[in-house]
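The next block is start25.cif, given as mmCIF, C-alpha atoms and all ligand atoms.
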data_data
#
loop_
_atom_site.group_PDB
_atom_site.id
_atom_site.type_symbol
_atom_site.label_atom_id
_atom_site.label_comp_id
_atom_site.auth_asym_id
_atom_site.auth_seq_id
_atom_site.Cartn_x
_atom_site.Cartn_y
_atom_site.Cartn_z
ATOM 1 C CA MET O 1249 44.475 -56.122 53.052
ATOM 2 C CA THR O 1250 40.778 -57.075 53.182
ATOM 3 C CA GLU O 1251 39.162 -56.547 56.558
ATOM 4 C CA LYS O 1252 37.645 -59.616 58.162
ATOM 5 C CA LEU O 1253 34.354 -58.377 59.597
ATOM 6 C CA GLY O 1254 31.975 -60.333 61.821
ATOM 7 C CA GLU O 1255 33.940 -61.144 64.942
ATOM 8 C CA PRO O 1256 33.179 -61.158 67.795
ATOM 9 C CA ARG O 1257 29.528 -61.901 67.069
ATOM 10 C CA LEU O 1258 26.396 -61.544 69.190
ATOM 11 C CA ASP O 1259 23.109 -63.092 68.019
ATOM 12 C CA VAL O 1260 19.840 -62.033 69.611
ATOM 13 C CA ALA O 1261 16.291 -63.182 68.995
ATOM 14 C CA SER O 1262 14.914 -59.742 69.679
ATOM 15 C CA CYS O 1263 16.208 -56.310 70.693
ATOM 16 C CA GLU O 1264 15.229 -52.676 70.327
ATOM 17 C CA SER O 1265 17.878 -52.009 67.705
ATOM 18 C CA THR O 1266 21.107 -53.787 66.778
ATOM 19 C CA GLN O 1267 22.653 -50.315 66.527
ATOM 20 C CA LEU O 1268 22.313 -49.915 70.300
ATOM 21 C CA LEU O 1269 23.691 -53.373 71.123
ATOM 22 C CA VAL O 1270 27.075 -52.807 69.507
ATOM 23 C CA ASP O 1271 29.668 -52.397 72.253
ATOM 24 C CA THR O 1272 32.055 -49.742 70.963
ATOM 25 C CA SER O 1273 34.868 -50.965 73.231
ATOM 26 C CA LEU O 1274 35.121 -54.149 71.129
ATOM 27 C CA PRO O 1275 37.542 -54.484 68.208
ATOM 28 C CA GLU O 1276 36.658 -53.381 64.701
ATOM 29 C CA GLY O 1277 34.432 -55.926 62.978
ATOM 30 C CA ALA O 1278 32.262 -56.728 66.019
ATOM 31 C CA LEU O 1279 28.832 -57.824 64.819
ATOM 32 C CA VAL O 1280 25.315 -57.894 66.245
ATOM 33 C CA VAL O 1281 22.621 -59.850 64.395
ATOM 34 C CA ALA O 1282 18.933 -59.863 65.346
ATOM 35 C CA ASP O 1283 15.952 -61.867 64.235
ATOM 36 C CA HIS O 1284 13.635 -59.032 65.236
ATOM 37 C CA GLN O 1285 13.896 -55.388 66.360
ATOM 38 C CA SER O 1286 11.185 -53.631 68.338
ATOM 39 C CA ALA O 1287 12.561 -50.126 67.646
ATOM 40 C CA GLY O 1288 14.705 -50.466 64.533
ATOM 41 C CA ARG O 1289 16.270 -47.204 63.414
ATOM 42 C CA GLY O 1290 16.130 -45.855 59.878
ATOM 43 C CA ARG O 1291 17.629 -42.783 58.296
ATOM 44 C CA LEU O 1292 16.455 -39.272 59.218
ATOM 45 C CA GLY O 1293 15.011 -40.455 62.530
ATOM 46 C CA ARG O 1294 12.578 -42.876 60.920
ATOM 47 C CA SER O 1295 11.706 -46.269 62.349
ATOM 48 C CA TRP O 1296 12.650 -49.510 60.593
ATOM 49 C CA ASP O 1297 10.299 -52.433 60.857
ATOM 50 C CA ALA O 1298 10.239 -56.071 59.752
ATOM 51 C CA PRO O 1299 8.342 -59.086 61.119
ATOM 52 C CA ALA O 1300 10.511 -61.566 63.064
ATOM 53 C CA GLY O 1301 12.415 -64.000 60.881
ATOM 54 C CA THR O 1302 11.965 -62.134 57.596
ATOM 55 C CA ALA O 1303 14.843 -59.684 57.178
ATOM 56 C CA LEU O 1304 18.601 -59.751 57.562
ATOM 57 C CA LEU O 1305 19.221 -57.209 60.354
ATOM 58 C CA PHE O 1306 22.713 -56.479 61.594
ATOM 59 C CA SER O 1307 25.160 -53.835 62.784
ATOM 60 C CA VAL O 1308 28.926 -53.916 62.525
ATOM 61 C CA LEU O 1309 31.539 -51.814 64.326
ATOM 62 C CA LEU O 1310 34.014 -49.909 62.134
ATOM 63 C CA ARG O 1311 36.934 -47.677 63.016
ATOM 64 C CA PRO O 1312 37.669 -45.656 59.898
ATOM 65 C CA PRO O 1313 40.880 -43.609 59.690
ATOM 66 C CA ALA O 1314 40.475 -39.988 60.816
ATOM 67 C CA ASP O 1315 41.170 -38.666 57.314
ATOM 68 C CA ARG O 1316 38.179 -40.451 55.773
ATOM 69 C CA ARG O 1317 34.652 -38.963 55.673
ATOM 70 C CA SER O 1318 32.634 -41.469 57.662
ATOM 71 C CA PRO O 1319 29.207 -40.442 56.222
ATOM 72 C CA GLU O 1320 30.468 -42.030 52.977
ATOM 73 C CA LEU O 1321 30.198 -45.395 54.720
ATOM 74 C CA SER O 1322 26.476 -45.676 53.995
ATOM 75 C CA LEU O 1323 27.344 -45.482 50.271
ATOM 76 C CA VAL O 1324 30.210 -47.949 50.720
ATOM 77 C CA ALA O 1325 27.776 -50.300 52.484
ATOM 78 C CA GLY O 1326 25.227 -49.862 49.679
ATOM 79 C CA ILE O 1327 27.906 -50.841 47.142
ATOM 80 C CA ALA O 1328 28.813 -53.942 49.159
ATOM 81 C CA VAL O 1329 25.161 -54.999 49.538
ATOM 82 C CA ALA O 1330 24.645 -54.468 45.801
ATOM 83 C CA ASP O 1331 27.748 -56.594 45.070
ATOM 84 C CA ALA O 1332 26.442 -59.331 47.365
ATOM 85 C CA LEU O 1333 22.909 -59.327 45.967
ATOM 86 C CA GLU O 1334 24.160 -59.375 42.370
ATOM 87 C CA ARG O 1335 26.464 -62.277 43.213
ATOM 88 C CA THR O 1336 23.657 -64.111 45.000
ATOM 89 C CA LEU O 1337 20.719 -63.463 42.692
ATOM 90 C CA GLY O 1338 22.415 -62.926 39.330
ATOM 91 C CA LEU O 1339 20.327 -59.779 38.802
ATOM 92 C CA SER O 1340 21.489 -56.206 38.476
ATOM 93 C CA VAL O 1341 20.980 -54.006 41.479
ATOM 94 C CA GLN O 1342 20.981 -50.210 41.746
ATOM 95 C CA ILE O 1343 21.934 -47.761 44.479
ATOM 96 C CA LYS O 1344 19.620 -44.885 45.233
ATOM 97 C CA TRP O 1345 21.639 -42.078 46.782
ATOM 98 C CA PRO O 1346 22.432 -41.870 49.595
ATOM 99 C CA ASN O 1347 21.748 -45.246 51.189
ATOM 100 C CA ASP O 1348 19.102 -47.379 49.488
ATOM 101 C CA VAL O 1349 19.665 -50.533 47.485
ATOM 102 C CA MET O 1350 17.105 -51.089 44.751
ATOM 103 C CA LEU O 1351 16.052 -54.166 42.814
ATOM 104 C CA ARG O 1352 13.483 -53.840 40.030
ATOM 105 C CA ARG O 1353 12.806 -50.248 41.136
ATOM 106 C CA GLN O 1354 11.914 -51.226 44.680
ATOM 107 C CA LYS O 1355 13.930 -50.725 47.840
ATOM 108 C CA ILE O 1356 15.338 -54.052 48.989
ATOM 109 C CA ALA O 1357 17.944 -52.890 51.510
ATOM 110 C CA GLY O 1358 18.954 -49.867 53.545
ATOM 111 C CA CYS O 1359 22.148 -48.800 55.319
ATOM 112 C CA LEU O 1360 22.676 -46.481 58.253
ATOM 113 C CA ALA O 1361 26.093 -45.212 59.425
ATOM 114 C CA GLU O 1362 25.988 -43.705 62.920
ATOM 115 C CA THR O 1363 28.957 -42.295 64.836
ATOM 116 C CA ARG O 1364 29.369 -43.284 68.477
ATOM 117 C CA ASP O 1365 32.353 -42.993 70.855
ATOM 118 C CA GLY O 1366 34.615 -42.103 67.929
ATOM 119 C CA ALA O 1367 33.672 -45.250 65.996
ATOM 120 C CA VAL O 1368 31.042 -45.924 63.344
ATOM 121 C CA VAL O 1369 28.181 -48.328 63.923
ATOM 122 C CA LEU O 1370 27.053 -49.426 60.482
ATOM 123 C CA GLY O 1371 23.574 -50.944 60.340
ATOM 124 C CA ILE O 1372 22.306 -52.886 57.354
ATOM 125 C CA SER O 1373 18.957 -54.446 56.612
ATOM 126 C CA VAL O 1374 18.076 -56.607 53.622
ATOM 127 C CA ASN O 1375 14.457 -57.595 52.981
ATOM 128 C CA VAL O 1376 14.606 -61.345 52.451
ATOM 129 C CA CYS O 1377 11.306 -63.148 52.824
ATOM 130 C CA GLN O 1378 8.661 -60.571 53.691
ATOM 131 C CA THR O 1379 5.408 -60.930 51.791
ATOM 132 C CA ARG O 1380 3.914 -58.000 49.858
ATOM 133 C CA ALA O 1381 1.576 -57.283 52.786
ATOM 134 C CA GLU O 1382 4.535 -57.074 55.174
ATOM 135 C CA LEU O 1383 6.352 -54.350 53.215
ATOM 136 C CA PRO O 1384 5.877 -50.603 52.753
ATOM 137 C CA PRO O 1385 4.532 -49.529 49.311
ATOM 138 C CA ASN O 1386 7.813 -48.878 47.447
ATOM 139 C CA ALA O 1387 9.790 -51.726 48.998
ATOM 140 C CA GLY O 1388 10.357 -55.311 47.917
ATOM 141 C CA SER O 1389 12.016 -58.394 49.330
ATOM 142 C CA ILE O 1390 13.996 -61.177 47.679
ATOM 143 C CA ARG O 1391 10.799 -63.203 47.948
ATOM 144 C CA THR O 1392 8.447 -60.641 46.352
ATOM 145 C CA LEU O 1393 10.932 -59.624 43.640
ATOM 146 C CA THR O 1394 12.322 -62.990 42.599
ATOM 147 C CA GLY O 1395 9.834 -65.544 43.913
ATOM 148 C CA ARG O 1396 12.627 -67.238 45.840
ATOM 149 C CA ASP O 1397 13.463 -67.567 49.516
ATOM 150 C CA TRP O 1398 17.010 -67.161 50.687
ATOM 151 C CA ASP O 1399 18.901 -68.349 53.725
ATOM 152 C CA ARG O 1400 19.683 -65.243 55.783
ATOM 153 C CA GLU O 1401 22.882 -66.734 57.226
ATOM 154 C CA ASP O 1402 24.281 -67.422 53.733
ATOM 155 C CA LEU O 1403 23.380 -63.911 52.650
ATOM 156 C CA LEU O 1404 25.010 -62.427 55.766
ATOM 157 C CA ALA O 1405 28.271 -64.248 54.979
ATOM 158 C CA THR O 1406 28.248 -62.878 51.410
ATOM 159 C CA VAL O 1407 27.437 -59.319 52.501
ATOM 160 C CA LEU O 1408 30.181 -59.356 55.173
ATOM 161 C CA ASP O 1409 32.651 -60.657 52.647
ATOM 162 C CA ASP O 1410 31.833 -57.904 50.128
ATOM 163 C CA LEU O 1411 31.697 -55.278 52.871
ATOM 164 C CA GLY O 1412 35.169 -56.346 54.031
ATOM 165 C CA SER O 1413 36.594 -55.849 50.519
ATOM 166 C CA ARG O 1414 34.851 -52.557 49.789
ATOM 167 C CA TYR O 1415 35.612 -51.153 53.241
ATOM 168 C CA SER O 1416 39.311 -52.017 52.877
ATOM 169 C CA ALA O 1417 39.451 -50.359 49.466
ATOM 170 C CA TRP O 1418 37.685 -47.256 50.821
ATOM 171 C CA ARG O 1419 40.025 -47.080 53.853
ATOM 172 C CA ALA O 1420 42.986 -47.060 51.512
ATOM 173 C CA GLY O 1421 41.662 -44.856 48.716
ATOM 174 C CA GLY O 1422 38.365 -43.222 49.702
ATOM 175 C CA LEU O 1423 35.279 -43.138 47.513
ATOM 176 C CA ASP O 1424 37.433 -43.023 44.366
ATOM 177 C CA ALA O 1425 38.588 -46.549 45.142
ATOM 178 C CA VAL O 1426 35.040 -47.987 45.178
ATOM 179 C CA PHE O 1427 33.430 -45.716 42.599
ATOM 180 C CA ASP O 1428 33.295 -48.510 40.013
ATOM 181 C CA GLY O 1429 30.558 -50.061 42.184
ATOM 182 C CA LEU O 1430 28.573 -46.845 42.425
ATOM 183 C CA GLY O 1431 28.582 -44.834 39.181
ATOM 184 C CA PRO O 1432 27.149 -47.566 36.927
ATOM 185 C CA ARG O 1433 24.478 -48.448 39.525
ATOM 186 C CA ASP O 1434 23.216 -44.917 40.136
ATOM 187 C CA PHE O 1435 19.401 -45.198 40.321
ATOM 188 C CA LEU O 1436 18.608 -41.462 40.425
ATOM 189 C CA ARG O 1437 20.765 -40.277 37.526
ATOM 190 C CA GLY O 1438 18.588 -38.571 34.928
ATOM 191 C CA ARG O 1439 15.465 -38.613 37.103
ATOM 192 C CA GLN O 1440 13.551 -35.560 38.239
ATOM 193 C CA VAL O 1441 14.287 -35.136 41.951
ATOM 194 C CA THR O 1442 13.668 -32.802 44.859
ATOM 195 C CA VAL O 1443 16.128 -32.831 47.756
ATOM 196 C CA ASN O 1444 15.831 -30.358 50.640
ATOM 197 C CA GLY O 1445 13.726 -28.037 48.465
ATOM 198 C CA THR O 1446 16.116 -28.170 45.466
ATOM 199 C CA SER O 1447 14.413 -29.543 42.355
ATOM 200 C CA GLY O 1448 15.970 -30.554 39.073
ATOM 201 C CA VAL O 1449 17.457 -33.485 37.212
ATOM 202 C CA ALA O 1450 19.782 -35.739 39.189
ATOM 203 C CA GLY O 1451 23.292 -35.844 37.761
ATOM 204 C CA MET O 1452 26.316 -37.693 39.063
ATOM 205 C CA ILE O 1453 27.204 -38.616 42.592
ATOM 206 C CA ASP O 1454 30.512 -36.788 43.003
ATOM 207 C CA ARG O 1455 33.755 -38.201 44.412
ATOM 208 C CA GLU O 1456 32.811 -36.896 47.849
ATOM 209 C CA GLY O 1457 29.496 -38.738 47.854
ATOM 210 C CA ARG O 1458 27.314 -35.692 47.144
ATOM 211 C CA LEU O 1459 24.479 -35.616 44.635
ATOM 212 C CA GLU O 1460 24.651 -33.140 41.770
ATOM 213 C CA ILE O 1461 21.306 -31.694 40.651
ATOM 214 C CA SER O 1462 20.921 -29.719 37.397
ATOM 215 C CA VAL O 1463 18.450 -26.992 38.234
ATOM 216 C CA GLY O 1464 18.313 -25.399 34.770
ATOM 217 C CA HIS O 1465 20.187 -22.667 32.886
ATOM 218 C CA GLY O 1466 23.376 -24.741 33.212
ATOM 219 C CA GLU O 1467 23.361 -24.392 36.983
ATOM 220 C CA VAL O 1468 24.289 -27.398 39.140
ATOM 221 C CA VAL O 1469 23.542 -27.561 42.873
ATOM 222 C CA THR O 1470 25.352 -30.141 45.005
ATOM 223 C CA VAL O 1471 23.583 -31.631 48.027
ATOM 224 C CA GLU O 1472 25.288 -33.421 50.923
ATOM 225 C CA SER O 1473 22.330 -35.391 52.267
ATOM 226 C CA GLY O 1474 18.584 -35.241 52.689
ATOM 227 C CA GLU O 1475 15.254 -36.747 51.828
ATOM 228 C CA VAL O 1476 14.951 -37.506 48.104
ATOM 229 C CA VAL O 1477 11.626 -37.302 46.332
ATOM 230 C CA TYR O 1478 11.896 -38.620 42.780
ATOM 231 C CA ALA O 1479 9.683 -39.153 39.763
ATOM 232 C CA ARG O 1480 9.153 -42.845 39.021
HETATM 233 C C1 LIG O 1501 17.241 -46.679 56.048
HETATM 234 O O1 LIG O 1501 17.074 -47.023 54.877
HETATM 235 O O2 LIG O 1501 16.567 -45.769 56.566
HETATM 236 C C2 LIG O 1501 18.321 -47.375 56.845
HETATM 237 C C3 LIG O 1501 17.787 -48.625 57.451
HETATM 238 C C4 LIG O 1501 18.808 -49.342 58.305
HETATM 239 C C5 LIG O 1501 18.134 -50.406 59.167
HETATM 240 C C6 LIG O 1501 19.123 -51.284 59.867
HETATM 241 S S1 LIG O 1501 18.388 -52.764 60.494
HETATM 242 C C7 LIG O 1501 19.847 -53.162 61.331
HETATM 243 C C8 LIG O 1501 20.320 -51.862 61.951
HETATM 244 N N1 LIG O 1501 19.625 -51.645 63.211
HETATM 245 C C9 LIG O 1501 18.816 -50.581 63.164
HETATM 246 O O3 LIG O 1501 18.111 -50.197 64.116
HETATM 247 N N2 LIG O 1501 18.895 -50.005 61.969
HETATM 248 C C10 LIG O 1501 19.813 -50.689 61.079
#
What would the structure in this file look like if it were written as structure tokens?
Ligand code: BTN
Amino acid sequence: MTEKLGEPRLDVASCESTQLLVDTSLPEGALVVADHQSAGRGRLGRSWDAPAGTALLFSVLLRPPADRRSPELSLVAGIAVADALERTLGLSVQIKWPNDVMLRRQKIAGCLAETRDGAVVLGISVNVCQTRAELPPNAGSIRTLTGRDWDREDLLATVLDDLGSRYSAWRAGGLDAVFDGLGPRDFLRGRQVTVNGTSGVAGMIDREGRLEISVGHGEVVTVESGEVVYAR
């Protein structure tokens, strides 16, 4: 059964972070959407910034089964965002392990899965109508990358729809069940990378969501998470 995500829903004009506004006593699927965040949270303790009215910014409450690895949810979210953007824009979209969504080699969306009170608060941001000057160097928005503006509410509905399907499949069958949306979209595969001090050529993302790196002499090192530096 496909999960229906997005209810109950809280909309705010501004907050520190939608991640903090999710009430974990609510049922699975509870949603917080903001027009602006003053202290948006990114991966690895970074901040996440976008001018008011330019990005899709939301967090959704999930209650994955205990036998699933919840860190995989940032990959599952990346797959769903890629599905939604491909459906919306008609362009192919890649996933840069572990949580970035890339269009035309620039980061267009990011996902953050945080555990709180035994649940997962999954935060997603999609850059929609920022201008070049409003984005960090290696990021793009739907506007800068396609020349088009997009209605954030329409995009939210599409992303929630795709997230509901991918999340249901993952609940039932783990990463194997959604791998068709990941393997062919792998942005890093074949690129020179350094992750946590390990350098080599990125190989596959394995069925547990880890990145394989060929470090030479036939040796493969598998990394769970970390900051990726890659050659463009
Ligand atoms: C990353 O790429 O580092 C992850 C970015 C995730 C940002 C989103 S915006 C909505 C939600 N609220 C936050 O404070 N962070 C996530």
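Coordinates place atom CA of Val1476 of chain O at a distance of 5.9 Å from atom CA of Thr1442 of chain O.
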Original post:
Could you list, as a PyMOL selection string, all the residues within 8 Å of ligand LIG 1501 (chain O), counting only C-alpha atoms and all ligand atoms?
Top reply: chain O and resi 1264-1268+1281-1282+1285+1287-1292+1294-1296+1304-1307+1347-1348+1357-1360+1370-1374
Original post:
Which distance in Å separates atom CA of Leu1383 of chain O and atom CA of Ala1298 of chain O, to one decimal?
Top reply: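 One can read the atom CA of Leu1383 of chain O to atom CA of Ala1298 of chain O distance as 7.8 Å.
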Original post:
Do you have the atom CA of Ile1390 of chain O-atom CA of Asn1375 of chain O distance handy?
Top reply: 6.4 Å
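For the residues O:Gln1342, O:Arg1257, O:Pro1319, O:Leu1459, ranking by smallest atom-to-atom distance to Val1441 of chain O using all atoms listed in the file places O:Leu1459 first.
The nearest approach to Glu1460 of chain O among the residues O:Pro1346, O:Gly1366, O:Gly1412, O:Pro1384, with only C-alpha atoms taken into account, belongs to O:Pro1346.
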Only C-alpha atoms, please: segment 1289-1373 of chain O from the block, as a compact mmCIF listing (two decimals), in the first residue's frame.
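Below you can see part-v6.txt, which holds the result:
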# COMPACT_ATOMS: atom_id res chain seq x y z
CA ARG O 1289 19.79 22.64 8.85
CA GLY O 1290 21.94 20.85 6.30
CA ARG O 1291 23.93 17.65 6.47
CA LEU O 1292 27.04 17.35 8.66
CA GLY O 1293 25.98 20.27 10.85
CA ARG O 1294 25.94 22.76 7.99
CA SER O 1295 23.39 25.53 7.63
CA TRP O 1296 20.86 25.60 4.80
CA ASP O 1297 19.85 28.93 3.39
CA ALA O 1298 17.38 30.23 0.80
CA PRO O 1299 15.72 33.65 0.39
CA ALA O 1300 12.02 33.72 1.35
CA GLY O 1301 9.70 32.49 -1.37
CA THR O 1302 12.34 30.80 -3.52
CA ALA O 1303 12.74 27.20 -2.38
CA LEU O 1304 10.46 24.32 -1.50
CA LEU O 1305 11.27 23.67 2.18
CA PHE O 1306 9.51 20.96 4.13
CA SER O 1307 9.83 18.20 6.71
CA VAL O 1308 7.73 15.08 7.01
CA LEU O 1309 7.36 12.66 9.93
CA LEU O 1310 8.07 8.98 9.20
CA ARG O 1311 7.90 5.92 11.40
CA PRO O 1312 9.95 3.26 9.64
CA PRO O 1313 9.79 -0.35 10.84
CA ALA O 1314 12.50 -1.26 13.37
CA ASP O 1315 14.14 -3.70 10.96
CA ARG O 1316 14.89 -1.02 8.36
CA ARG O 1317 18.06 1.13 8.40
CA SER O 1318 16.68 4.63 8.75
CA PRO O 1319 19.82 6.43 7.41
CA GLU O 1320 18.82 4.94 4.03
CA LEU O 1321 15.86 7.33 4.05
CA SER O 1322 17.95 10.21 2.73
CA LEU O 1323 18.69 8.06 -0.35
CA VAL O 1324 15.04 7.02 -0.61
CA ALA O 1325 14.08 10.71 -0.45
CA GLY O 1326 16.66 11.56 -3.13
CA ILE O 1327 15.13 8.90 -5.40
CA ALA O 1328 11.64 10.31 -4.84
CA VAL O 1329 12.76 13.90 -5.52
CA ALA O 1330 14.55 12.71 -8.67
CA ASP O 1331 11.37 10.89 -9.79
CA ALA O 1332 9.32 14.04 -9.16
CA LEU O 1333 11.72 16.40 -10.93
CA GLU O 1334 12.01 14.09 -13.95
CA ARG O 1335 8.23 13.85 -14.13
CA THR O 1336 7.87 17.61 -13.78
CA LEU O 1337 10.70 18.86 -15.98
CA GLY O 1338 11.13 16.02 -18.46
CA LEU O 1339 14.89 16.09 -17.86
CA SER O 1340 17.10 13.40 -16.40
CA VAL O 1341 18.22 13.91 -12.85
CA GLN O 1342 21.08 12.28 -10.94
CA ILE O 1343 21.65 11.38 -7.30
CA LYS O 1344 24.96 12.23 -5.71
CA TRP O 1345 25.55 9.88 -2.80
CA PRO O 1346 24.45 10.16 -0.10
CA ASN O 1347 21.76 12.84 -0.28
CA ASP O 1348 22.09 15.34 -3.12
CA VAL O 1349 19.91 15.58 -6.20
CA MET O 1350 21.71 16.92 -9.25
CA LEU O 1351 20.48 18.47 -12.48
CA ARG O 1352 22.99 19.39 -15.19
CA ARG O 1353 25.83 18.71 -12.73
CA GLN O 1354 24.55 21.17 -10.16
CA LYS O 1355 22.89 20.46 -6.84
CA ILE O 1356 19.19 21.25 -7.07
CA ALA O 1357 17.89 19.52 -3.94
CA GLY O 1358 19.07 18.07 -0.65
CA CYS O 1359 17.59 15.64 1.87
CA LEU O 1360 18.24 15.22 5.57
CA ALA O 1361 16.95 12.29 7.68
CA GLU O 1362 17.17 12.97 11.42
CA THR O 1363 16.03 10.61 14.18
CA ARG O 1364 13.98 12.06 17.03
CA ASP O 1365 11.84 10.37 19.71
CA GLY O 1366 12.10 7.06 17.86
CA ALA O 1367 10.75 8.55 14.62
CA VAL O 1368 12.48 10.03 11.58
CA VAL O 1369 12.06 13.66 10.60
CA LEU O 1370 12.85 13.82 6.90
CA GLY O 1371 13.67 17.28 5.58
CA ILE O 1372 13.75 18.11 1.89
CA SER O 1373 14.64 21.27 0.05
